[in-house]
There are 4 protein chains.
Amino acid sequence: MQKERGNKMIVVLKDNPDEKQLNNLVSWLKSMGLDIHFSKGQSATIMGLIGDTASVDIDLINSLDIVETVKRVQEPYKNVNRKFHPDDTVVEIAPGVKIGGGNFQVIAGPCSVESEEQVCEVASAVKEAGAGLYRGGAFKPRTSPYAFQGMRDEGIKLLLEAKKKSGLPIVTEVMDISHLPLFENVDVIQVGARNMQNFELLKELGHLKKPVLLKRGLSSTLKELLMSAEYIMAGGNENVILCERGIRTFETATRNTLDLASIPLLKTMTHLPVIVDPSHATGIAHLVKPMAMAATAAGADGLMIEVHNNPACALCDGAQSLTPADFTDVMEAVNLIRPVAYKG
Amino acid sequence: MQKERGNKMIVVLKDNPDEKQLNNLVSWLKSMGLDIHFSKGQSATIMGLIGDTASVDIDLINSLDIVETVKRVQEPYKNVNRKFHPDDTVVEIAPGVKIGGGNFQVIAGPCSVESEEQVCEVASAVKEAGAGLYRGGAFKPRTSPYAFQGMRDEGIKLLLEAKKKSGLPIVTEVMDISHLPLFENVDVIQVGARNMQNFELLKELGHLKKPVLLKRGLSSTLKELLMSAEYIMAGGNENVILCERGIRTFETATRNTLDLASIPLLKTMTHLPVIVDPSHATGIAHLVKPMAMAATAAGADGLMIEVHNNPACALCDGAQSLTPADFTDVMEAVNLIRPVAYKG
Amino acid sequence: MQKERGNKMIVVLKDNPDEKQLNNLVSWLKSMGLDIHFSKGQSATIMGLIGDTASVDIDLINSLDIVETVKRVQEPYKNVNRKFHPDDTVVEIAPGVKIGGGNFQVIAGPCSVESEEQVCEVASAVKEAGAGLYRGGAFKPRTSPYAFQGMRDEGIKLLLEAKKKSGLPIVTEVMDISHLPLFENVDVIQVGARNMQNFELLKELGHLKKPVLLKRGLSSTLKELLMSAEYIMAGGNENVILCERGIRTFETATRNTLDLASIPLLKTMTHLPVIVDPSHATGIAHLVKPMAMAATAAGADGLMIEVHNNPACALCDGAQSLTPADFTDVMEAVNLIRPVAYKG
Amino acid sequence: MQKERGNKMIVVLKDNPDEKQLNNLVSWLKSMGLDIHFSKGQSATIMGLIGDTASVDIDLINSLDIVETVKRVQEPYKNVNRKFHPDDTVVEIAPGVKIGGGNFQVIAGPCSVESEEQVCEVASAVKEAGAGLYRGGAFKPRTSPYAFQGMRDEGIKLLLEAKKKSGLPIVTEVMDISHLPLFENVDVIQVGARNMQNFELLKELGHLKKPVLLKRGLSSTLKELLMSAEYIMAGGNENVILCERGIRTFETATRNTLDLASIPLLKTMTHLPVIVDPSHATGIAHLVKPMAMAATAAGADGLMIEVHNNPACALCDGAQSLTPADFTDVMEAVNLIRPVAYKG
């Protein structure tokens with residue numbers, strides 16, 4: 001019954017619709033296996049469509065001359081939809097390392113993997129400060145072909161080394177299907193904002209069982225983010241973690257505009273865990289702490305924070321990276337917020 | 001010395017600039033009373049401009065053929081600039097009712113003033129729940145000329161009645177200079193998002209001493225918000241409160257996108273208090289609580305929240321309004337966040 | 001019959017709506033004088049609302065628990081709606097100077113009025129090049145309170161002087177209701193982008209008979225632009241000219257993003273003339289010509305172009321202003337496009 | 001000499017910079033092979049950096065405490081930069097089928113390849129109307145996993161069949177590196193908006209000699225579009241065609257906002273051909289003609305237009321697709337504009 005309701009569409013027809021066009025429409029809808037119920041009222045004729053409407057192109061119907069308006073009564077996503085799975089999904093990343101359903105995790109680490117020494121030192125530092133997962137970029141999406149593209153397979157090896165030493169599960173970004181074999185021992189595969197609608201990649205990740213951290217695209221709506229998660233879940237992989245990381249707007253004071261209202265809103269739409277990356281969203285180190293606190297207060301299931309080490313070279317302070325000491329400070333603040341955070 | 005630094009501009013000239021154009025530029029800059037210091041290096045010629053550069057049109061200079069780039073070393077705003085006024089401004093709205101510098105205030109009340117009964121009942125309810133100021137719209141900016149435009153002067157009278165009964169200072173929006181005489185006993189004059197760049201109105205408010213609550217425009221940058229506050233302060237009125245209320249983006253899941261990173265960012269740029277309006281920003285009642293909590297965690301100096309009463313008619317629940325009971329719940333949550341909020 | 005159709009709203013109810021809430025909704029809608037027609041189908045219950053629905057708050061109804069979706073079958077604007085006025089409006093600005101309905105006008109002149117000499121020289125130059133109206137800013141909306149705010153009443157006098165000498169009708173911007181008496185002999189009153197939703201000003205302009213040039217706000221949708229025009233027409237003033245001048249987006253390569261698709265789209269929605277301002281939209285002088293040509297090709301009823309003179313001082317070339325010679329070149333190109341432009 | 005100029009960066013230091021940090025910065029810049037020239041003026045100290053600055057992270061330098069501002073005097077792109085290649089690139093797609101440098105091409109065809117009959121009929125129709133290339137989607141990026149994903153390899157075969165029959169070179173979209181072998185006989189490989197920053201794919205296309213049609217991302221700046229083209233050219237493939245197809249903004253009246261100012265602007269920045277896709281940009285069939293005309297007037301090197309056939313089924317009119325008769329009408333209008341279009 002729920003399913004039926006979830007698949008309803010309402011088409012309001014214009015007055016006196018052209019009969020031939022109406023017949024065409026009806027035949028086409030029937031050919032897709034839909035049941036059609038007409039309600040001819042004094043003020044309008046309405047068609048209710050029942051069945052598997054998820055594949056119906058709403059824009060196409062809306063563009064027909066005889067159609068006044070069309071509305072999907074329920075959302076086009078199913079597997080990610082909280083209506084059909086009321087309980088929070090809990091993703092178990094490693095034994096005892098869970099996220100969602102009340103389990104909160106902080107993922108921390110450097111933007112790029114640069115050397116074994118760096119990668120292991122930062123891992124040890126963030127573990128001590130309370131991070132539950134370790135992140136580091138091996139494959140780096142860079143606007144310029146002349147910028148450092150990451151250590152790639154070597155970088156993955158160093159991350160696995162850090163995992164072994166620190167005991168922290170690792171999260172790292174994939175940029176192409178062909179690199180997936182390198183990710184066998186990675187704990188969480190990250191899909192970056194630029195690949196949120198790389199549908200071939202999403203389908204491939206759907207065939208794995210490994211947790212996927214899916215970042216919201218720069219100009220993606222929440223509905224599109226959920227549809228991308230639906231690609232992964234439709235393939236059979238239920239371990240999806242969503243990540244809000246700011247959207248592109250006219251405001252240039254911060255790199256992107258962090259959309260924290262997305263946290264409680266996503267959590268009404270979906271059962272999947274939602275985390276926030278304040279480092280990439282703002283691009284400004286001193287905003288990471290207040291935004292980490294705000295995200296926690298708003299009910300996020302976790303955070304993703306950039307941390308570097310580099311006592312020798314002040315230069316390597318990225319604009320958005322925290323030192324291990326800064327990160328410890330953020331963790332303490334976040335831990336004070338957590339008991340009083342929004343529970344939904 | 002600070003002043004000089006605050007007024008510096010750097011103009012990088014192109015290689016081999018046309019001499020006549022350069023002379024024109026130099027004469028024009030000197031005619032504006034600026035000192036010019038040339039630094040001819042091997043790789044570039046740079047002009048440093050010292051003096052009152054706030055009135056120099058940076059876009060115009062940037063467009064000249066002989067200019068490679070131009071950069072204002074400091075911001076074009078002075079009075080609102082924290083660099084020149086390191087201490088937080090504390091706006092005293094009424095005896096004992098302060099905002100800024102550690103003083104936190106919640107402003108609550110109905111979107112529109114509708115009747116004496118409504119206005120007084122809500123005032124009493126929000127006072128009991130802990131609101132420090134009372135808001136209500138008498139003049140209503142409405143997209144449609146056919147929508148209710150507010151009770152106008154009658155509405156102001158009812159608000160003053162509610163002030164008398166509840167003891168709460170009142171905040172209400174002005175839409176035109178000609179209405180200002182009606183605001184004599186209003187405690188805080190609100191400038192709505194649509195009027196943030198109504199410069200004639202801002203100038204007029206600069207001549208008053210009354211606190212002004214300046215809302216960020218739908219498509220205004222933080223710098224533009226500060227420049228509008230500068231209009232008011234330049235006229236002599238130092239009692240300006242800034243209000244983040246969401247910006248217009250491509251995302252339509254919420255009415256606007258609440259930009260909470262603006263709170264800590266504004267507080268580094270300016271000494272003025274910053275409050276947040278989660279009701280108008282999201283337009284969705286169930287997002288008001290988590291966003292009020294997040295704004296508080298991020299260091300806001302206060303909140304502005306829509307509250308209605310209307311036991312008799314469930315219809316009057318605006319999409320974004322809370323009942324008094326909901327509001328009490330928000331106040332309790334916010335009060336738990338406050339002690340652990342970001343302090344800067 | 002047209003009227004009835006134009007005022008229809010469709011409310012789709014959720015399955016098994018709470019009876020008390022439904023009764024509340026029905027009573028409230030009836031209290032607004034609406035007729036309600038129910039269509040109970042197998043798949044949905046729909047309410048059709050007939051009557052003066054323009055004042056119904058669609059967001060409020062949409063937020064009710066018992067409502068699945070609500071849709072205005074027709075637009076909330078009436079007077080500006082092409083459906084109810086199929087013929088193009090022709091605004092007659094001065095004897096023989098018409099815009100709309102096949103009449104094309106170019107409005108040209110300097111951004112700011114600076115001196116009698118400047119104002120008269122440019123007027124003479126643009127007239128010779130083929131401009132039909134003369135523009136110049138006397139009241140200038142400026143982001144900074146320290147920037148030149150225009151010559152104000154003196155500026156209006158100089159424009160009237162230029163009108164007398166050149167014979168060209170003049171267009172200039174109003175910033176506040178209190179300045180309107182100065183505009184008695186101005187031919188077209190311009191409402192700037194920042195005042196597009198200054199509703200008190202719009203209402204006042206509705207009581208005049210003088211043509212109003214209404215610029216689209218930086219972050220205004222086309223529907224909002226039309227609703228602002230509706231404010232003016234609802235007051236009785238039918239002489240409204242719409243102006244596309246770019247919207248604020250993430251792209252900073254141009255000052256704003258010129259939305260030329262708005263021309264043919266507006267012309268299906270409304271009967272009012274639509275012109276384009278490529279100077280302010282792009283902020284870059286060399287883009288004015290191609291964008292003037294493109295706007296003309298897309299079916300604009302006119303253009304608004306910034307032209308300065310200043311043989312003595314190359315500096316005064318604003319980033320977006322053309323010299324009279326450049327403007328003549330643009331006019332020639334536009335005149336070649338006009339015969340082959342889109343006719344709708 | 002040009003090269004040196006193209007690689008200059010200017011760093012303005014704050015007053016009295018911390019000496020240790022300055023030394024760190026200088027060492028780091030030298031380690032990247034850059035020459036540094038200091039200009040210590042009365043008002044500022046400026047460092048000019050000469051050498052291969054394309055790989056320098058401008059944001060990182062900008063974030064340093066000792067740096068006031070940093071500015072790249074020239075653009076970070078080289079191969080696509082018109083400064084270093086003043087002449088228009090002419091891409092020869094097939095013998096006699098050229099684009100750029102005065103050669104104008106219209107690419108037309110259906111959104112999706114559906115059947116041999118459809119694909120061949122439309123090819124024949126658009127060829128007769130004057131299209132120079134044929135397009136059709138075999139791999140379809142779809143927001144929903146439940147929507148039709150294209151005929152994939154079968155679709156490519158049908159396109160090659162249509163090519164054989166019509167003689168028109170074909171353009172079709174690639175979605176993943178692994179599909180590239182199927183594109184051997186495709187004439188132009190299209191990179192869709194969602195893949196504009198799929199850097200691994202771009203690198204791979206750089207190793208081919210085949211022309212690439214690169215669509216601007218929904219939220220990509222022109223600079224980012226050029227950097228993505230630079231990825232392809234840096235690999236050795238000089239046959240890149242840029243395509244403006246609308247950006248995502250707050251305006252929902254059209255699917256995206258077509259940014260026609262990008263045409264003349266891109267053509268000052270780069271020597272590559274620039275075409276426009278009015279079908280996807282607007283998503284509304286009746287806007288395709290005026291926007292095709294406007295794009296041509298603004299100096300585009302070509303157009304990409306969706307055309308379907310389907311006499312039997314009015315339903316298949318996509319919201320944005322034209323019939324062959326509509327397309328013929330567009331071609332006639334465009335051909336009238338071309339002789340009077342902007343030449344730059």
# chains A, B, ... in the order shown; residues from 1 in each chain; ligands from 1
call {"tool": "interface_residues", "arguments": {"of": "chain A", "to": "chain D", "cutoff": "6 Å", "atoms": "only C-alpha atoms", "output": "PyMOL selection string"}}
result
chain A and resi 55+60+63+144-147+219+227+231+318-319
call {"tool": "write_last_selection", "arguments": {"atoms": "N, CA and C atoms", "output": "PDB file, in the first residue's frame"}}
result
ATOM      1  N   SER A  55       9.940   5.990 -13.468  1.00  0.00           N
ATOM      2  CA  SER A  55      10.645   6.168 -14.738  1.00  0.00           C
ATOM      3  C   SER A  55       9.910   7.123 -15.690  1.00  0.00           C
ATOM      4  N   LEU A  60       8.565  15.992 -19.546  1.00  0.00           N
ATOM      5  CA  LEU A  60       7.968  15.745 -20.844  1.00  0.00           C
ATOM      6  C   LEU A  60       6.451  15.902 -20.761  1.00  0.00           C
ATOM      7  N   SER A  63       5.234  19.377 -20.516  1.00  0.00           N
ATOM      8  CA  SER A  63       5.402  20.223 -21.702  1.00  0.00           C
ATOM      9  C   SER A  63       4.286  20.028 -22.729  1.00  0.00           C
ATOM     10  N   SER A 144      43.513  22.689 -12.345  1.00  0.00           N
ATOM     11  CA  SER A 144      44.591  22.880 -13.317  1.00  0.00           C
ATOM     12  C   SER A 144      45.351  21.583 -13.601  1.00  0.00           C
ATOM     13  N   PRO A 145      45.608  21.296 -14.872  1.00  0.00           N
ATOM     14  CA  PRO A 145      46.404  20.105 -15.199  1.00  0.00           C
ATOM     15  C   PRO A 145      47.844  20.232 -14.721  1.00  0.00           C
ATOM     16  N   TYR A 146      48.251  21.454 -14.378  1.00  0.00           N
ATOM     17  CA  TYR A 146      49.639  21.684 -13.968  1.00  0.00           C
ATOM     18  C   TYR A 146      49.811  21.576 -12.456  1.00  0.00           C
ATOM     19  N   ALA A 147      48.706  21.436 -11.727  1.00  0.00           N
ATOM     20  CA  ALA A 147      48.794  21.304 -10.274  1.00  0.00           C
ATOM     21  C   ALA A 147      49.062  19.843  -9.908  1.00  0.00           C
ATOM     22  N   SER A 219      26.649  22.311  -7.268  1.00  0.00           N
ATOM     23  CA  SER A 219      25.394  22.945  -7.665  1.00  0.00           C
ATOM     24  C   SER A 219      24.280  21.918  -7.686  1.00  0.00           C
ATOM     25  N   MET A 227      19.076  11.248  -5.352  1.00  0.00           N
ATOM     26  CA  MET A 227      18.979  10.401  -6.547  1.00  0.00           C
ATOM     27  C   MET A 227      20.317   9.737  -6.841  1.00  0.00           C
ATOM     28  N   TYR A 231      21.207   5.683  -6.961  1.00  0.00           N
ATOM     29  CA  TYR A 231      21.995   4.894  -7.932  1.00  0.00           C
ATOM     30  C   TYR A 231      22.814   3.814  -7.221  1.00  0.00           C
ATOM     31  N   GLY A 318      47.635  25.032   4.834  1.00  0.00           N
ATOM     32  CA  GLY A 318      46.675  25.345   3.792  1.00  0.00           C
ATOM     33  C   GLY A 318      45.705  26.358   4.353  1.00  0.00           C
ATOM     34  N   ALA A 319      45.052  27.039   3.459  1.00  0.00           N
ATOM     35  CA  ALA A 319      44.110  28.084   3.872  1.00  0.00           C
ATOM     36  C   ALA A 319      43.036  27.518   4.775  1.00  0.00           C
TER      37      ALA A 319
END
call {"tool": "residues_around", "arguments": {"residues": "segment 30-37 of chain C", "least_positions_apart": "2", "cutoff": "6 Å", "atoms": "only C-alpha atoms", "output": "ChimeraX atom specification"}}
result
/C:27-28,47-51
call {"tool": "write_last_selection", "arguments": {"atoms": "C-alpha atoms", "output": "tab-separated table (two decimals), in the first residue's frame"}}
result
chain	number	residue	atom	x	y	z
C	27	SER	CA	-14.51	27.46	5.88
C	28	TRP	CA	-11.50	29.68	5.46
C	47	MET	CA	-10.43	20.64	-4.66
C	48	GLY	CA	-10.85	23.13	-7.45
C	49	LEU	CA	-11.07	26.74	-6.20
C	50	ILE	CA	-12.82	29.28	-8.38
C	51	GLY	CA	-12.97	33.01	-7.75
call {"tool": "closest_residue", "arguments": {"among": "A:Leu242, A:Ile93, A:Ile275, A:Val12", "to": "Lys209 of chain A", "atoms": "only C-alpha atoms"}}
result
A:Ile93
call {"tool": "atom_distance", "arguments": {"atom1": "atom CA of Thr282 of chain A", "atom2": "atom CA of Ile241 of chain A"}}
result
20.7 Å
call {"tool": "atom_distance", "arguments": {"atom1": "atom CA of Lys8 of chain B", "atom2": "atom CA of Ile58 of chain B"}}
result
12.1 Å
call {"tool": "select_by_dssp", "arguments": {"residues": "segment 83-153 of chain C", "states": "strand (DSSP E or B)", "output": "NGL selection string"}}
result
:C and (91-94 or 97-100 or 103 or 105-109 or 112 or 133-135 or 137)
call {"tool": "write_last_selection", "arguments": {"atoms": "C-alpha atoms", "output": "CSV table (one decimal), in the first residue's frame"}}
result
chain,number,residue,atom,x,y,z
C,91,VAL,CA,3.9,53.0,-24.6
C,92,GLU,CA,3.9,56.5,-26.2
C,93,ILE,CA,6.6,58.4,-24.4
C,94,ALA,CA,6.3,61.6,-26.4
C,97,VAL,CA,8.3,58.3,-29.6
C,98,LYS,CA,6.7,54.9,-29.0
C,99,ILE,CA,8.0,51.6,-27.6
C,100,GLY,CA,6.5,48.1,-28.0
C,103,ASN,CA,8.4,50.1,-32.1
C,105,GLN,CA,13.9,52.5,-29.1
C,106,VAL,CA,17.4,53.0,-28.0
C,107,ILE,CA,18.0,54.9,-24.8
C,108,ALA,CA,21.5,56.2,-24.4
C,109,GLY,CA,23.5,58.6,-22.2
C,112,SER,CA,25.9,60.1,-14.1
C,133,LEU,CA,15.6,58.7,-25.7
C,134,TYR,CA,18.3,60.2,-23.4
C,135,ARG,CA,19.3,58.8,-20.1
C,137,GLY,CA,21.6,59.5,-13.6
call {"tool": "residues_around", "arguments": {"residues": "Lys267 of chain C", "least_positions_apart": "5", "cutoff": "9 Å", "atoms": "only C-alpha atoms", "output": "VMD selection string"}}
result
chain C and resid 82 88 262 272 to 274 299 344
call {"tool": "select_by_dssp", "arguments": {"residues": "segment 41-127 of chain C", "states": "helix (DSSP H, G or I)", "output": "number ranges by chain"}}
result
C: 53-55, 58-62, 116-127
call {"tool": "decode", "arguments": {"residues": "segment 23-34 of chain C", "atoms": "all heavy atoms", "output": "PDB file, in the first residue's frame"}}
result
ATOM      1  N   ASN C  23     -12.389  20.768   7.332  1.00  0.00           N
ATOM      2  CA  ASN C  23     -13.477  21.722   7.538  1.00  0.00           C
ATOM      3  C   ASN C  23     -12.937  23.134   7.752  1.00  0.00           C
ATOM      4  O   ASN C  23     -13.475  24.107   7.222  1.00  0.00           O
ATOM      5  CB  ASN C  23     -14.341  21.303   8.734  1.00  0.00           C
ATOM      6  CG  ASN C  23     -15.161  20.066   8.399  1.00  0.00           C
ATOM      7  OD1 ASN C  23     -15.357  19.749   7.217  1.00  0.00           O
ATOM      8  ND2 ASN C  23     -15.621  19.354   9.421  1.00  0.00           N
ATOM      9  N   ASN C  24     -11.886  23.233   8.547  1.00  0.00           N
ATOM     10  CA  ASN C  24     -11.250  24.546   8.759  1.00  0.00           C
ATOM     11  C   ASN C  24     -10.818  25.162   7.430  1.00  0.00           C
ATOM     12  O   ASN C  24     -11.050  26.343   7.170  1.00  0.00           O
ATOM     13  CB  ASN C  24      -9.998  24.393   9.639  1.00  0.00           C
ATOM     14  CG  ASN C  24     -10.337  24.351  11.112  1.00  0.00           C
ATOM     15  OD1 ASN C  24     -11.405  24.813  11.519  1.00  0.00           O
ATOM     16  ND2 ASN C  24      -9.431  23.800  11.904  1.00  0.00           N
ATOM     17  N   LEU C  25     -10.199  24.334   6.605  1.00  0.00           N
ATOM     18  CA  LEU C  25      -9.703  24.831   5.317  1.00  0.00           C
ATOM     19  C   LEU C  25     -10.859  25.306   4.441  1.00  0.00           C
ATOM     20  O   LEU C  25     -10.841  26.398   3.866  1.00  0.00           O
ATOM     21  CB  LEU C  25      -8.909  23.716   4.614  1.00  0.00           C
ATOM     22  CG  LEU C  25      -8.408  24.021   3.199  1.00  0.00           C
ATOM     23  CD1 LEU C  25      -7.500  25.238   3.190  1.00  0.00           C
ATOM     24  CD2 LEU C  25      -7.657  22.813   2.618  1.00  0.00           C
ATOM     25  N   VAL C  26     -11.894  24.469   4.399  1.00  0.00           N
ATOM     26  CA  VAL C  26     -13.036  24.811   3.550  1.00  0.00           C
ATOM     27  C   VAL C  26     -13.694  26.107   4.032  1.00  0.00           C
ATOM     28  O   VAL C  26     -13.990  27.013   3.231  1.00  0.00           O
ATOM     29  CB  VAL C  26     -14.044  23.635   3.514  1.00  0.00           C
ATOM     30  CG1 VAL C  26     -15.357  24.070   2.872  1.00  0.00           C
ATOM     31  CG2 VAL C  26     -13.439  22.462   2.741  1.00  0.00           C
ATOM     32  N   SER C  27     -13.877  26.240   5.353  1.00  0.00           N
ATOM     33  CA  SER C  27     -14.511  27.458   5.877  1.00  0.00           C
ATOM     34  C   SER C  27     -13.682  28.683   5.531  1.00  0.00           C
ATOM     35  O   SER C  27     -14.198  29.731   5.144  1.00  0.00           O
ATOM     36  CB  SER C  27     -14.619  27.411   7.408  1.00  0.00           C
ATOM     37  OG  SER C  27     -15.107  26.193   7.839  1.00  0.00           O
ATOM     38  N   TRP C  28     -12.391  28.527   5.693  1.00  0.00           N
ATOM     39  CA  TRP C  28     -11.504  29.677   5.461  1.00  0.00           C
ATOM     40  C   TRP C  28     -11.557  30.082   3.985  1.00  0.00           C
ATOM     41  O   TRP C  28     -11.670  31.265   3.658  1.00  0.00           O
ATOM     42  CB  TRP C  28     -10.076  29.292   5.875  1.00  0.00           C
ATOM     43  CG  TRP C  28      -9.072  30.376   5.724  1.00  0.00           C
ATOM     44  CD1 TRP C  28      -8.996  31.551   6.418  1.00  0.00           C
ATOM     45  CD2 TRP C  28      -7.959  30.384   4.823  1.00  0.00           C
ATOM     46  NE1 TRP C  28      -7.914  32.272   6.003  1.00  0.00           N
ATOM     47  CE2 TRP C  28      -7.264  31.586   5.029  1.00  0.00           C
ATOM     48  CE3 TRP C  28      -7.482  29.482   3.865  1.00  0.00           C
ATOM     49  CZ2 TRP C  28      -6.112  31.910   4.310  1.00  0.00           C
ATOM     50  CZ3 TRP C  28      -6.344  29.809   3.158  1.00  0.00           C
ATOM     51  CH2 TRP C  28      -5.674  31.004   3.371  1.00  0.00           C
ATOM     52  N   LEU C  29     -11.523  29.098   3.096  1.00  0.00           N
ATOM     53  CA  LEU C  29     -11.555  29.410   1.665  1.00  0.00           C
ATOM     54  C   LEU C  29     -12.894  30.054   1.294  1.00  0.00           C
ATOM     55  O   LEU C  29     -12.937  31.015   0.523  1.00  0.00           O
ATOM     56  CB  LEU C  29     -11.323  28.134   0.840  1.00  0.00           C
ATOM     57  CG  LEU C  29      -9.901  27.558   0.949  1.00  0.00           C
ATOM     58  CD1 LEU C  29      -9.848  26.162   0.315  1.00  0.00           C
ATOM     59  CD2 LEU C  29      -8.871  28.477   0.280  1.00  0.00           C
ATOM     60  N   LYS C  30     -13.975  29.541   1.890  1.00  0.00           N
ATOM     61  CA  LYS C  30     -15.289  30.119   1.594  1.00  0.00           C
ATOM     62  C   LYS C  30     -15.366  31.553   2.114  1.00  0.00           C
ATOM     63  O   LYS C  30     -15.975  32.421   1.488  1.00  0.00           O
ATOM     64  CB  LYS C  30     -16.397  29.258   2.202  1.00  0.00           C
ATOM     65  CG  LYS C  30     -16.649  27.980   1.380  1.00  0.00           C
ATOM     66  CD  LYS C  30     -17.902  27.241   1.836  1.00  0.00           C
ATOM     67  CE  LYS C  30     -18.178  26.065   0.897  1.00  0.00           C
ATOM     68  NZ  LYS C  30     -19.094  25.065   1.533  1.00  0.00           N
ATOM     69  N   SER C  31     -14.735  31.774   3.276  1.00  0.00           N
ATOM     70  CA  SER C  31     -14.765  33.130   3.854  1.00  0.00           C
ATOM     71  C   SER C  31     -14.061  34.130   2.934  1.00  0.00           C
ATOM     72  O   SER C  31     -14.225  35.337   3.050  1.00  0.00           O
ATOM     73  CB  SER C  31     -14.104  33.138   5.234  1.00  0.00           C
ATOM     74  OG  SER C  31     -12.690  33.117   5.083  1.00  0.00           O
ATOM     75  N   MET C  32     -13.254  33.629   2.028  1.00  0.00           N
ATOM     76  CA  MET C  32     -12.582  34.508   1.060  1.00  0.00           C
ATOM     77  C   MET C  32     -13.393  34.617  -0.233  1.00  0.00           C
ATOM     78  O   MET C  32     -12.913  35.166  -1.220  1.00  0.00           O
ATOM     79  CB  MET C  32     -11.185  33.975   0.773  1.00  0.00           C
ATOM     80  CG  MET C  32     -10.327  33.978   2.033  1.00  0.00           C
ATOM     81  SD  MET C  32      -8.721  33.205   1.748  1.00  0.00           S
ATOM     82  CE  MET C  32      -7.905  34.593   0.928  1.00  0.00           C
ATOM     83  N   GLY C  33     -14.579  34.061  -0.205  1.00  0.00           N
ATOM     84  CA  GLY C  33     -15.469  34.228  -1.361  1.00  0.00           C
ATOM     85  C   GLY C  33     -15.222  33.249  -2.502  1.00  0.00           C
ATOM     86  O   GLY C  33     -15.649  33.472  -3.626  1.00  0.00           O
ATOM     87  N   LEU C  34     -14.533  32.166  -2.211  1.00  0.00           N
ATOM     88  CA  LEU C  34     -14.211  31.219  -3.285  1.00  0.00           C
ATOM     89  C   LEU C  34     -15.252  30.111  -3.388  1.00  0.00           C
ATOM     90  O   LEU C  34     -15.793  29.661  -2.374  1.00  0.00           O
ATOM     91  CB  LEU C  34     -12.832  30.586  -3.029  1.00  0.00           C
ATOM     92  CG  LEU C  34     -11.678  31.575  -2.948  1.00  0.00           C
ATOM     93  CD1 LEU C  34     -10.401  30.840  -2.563  1.00  0.00           C
ATOM     94  CD2 LEU C  34     -11.497  32.308  -4.269  1.00  0.00           C
TER      95      LEU C  34
END
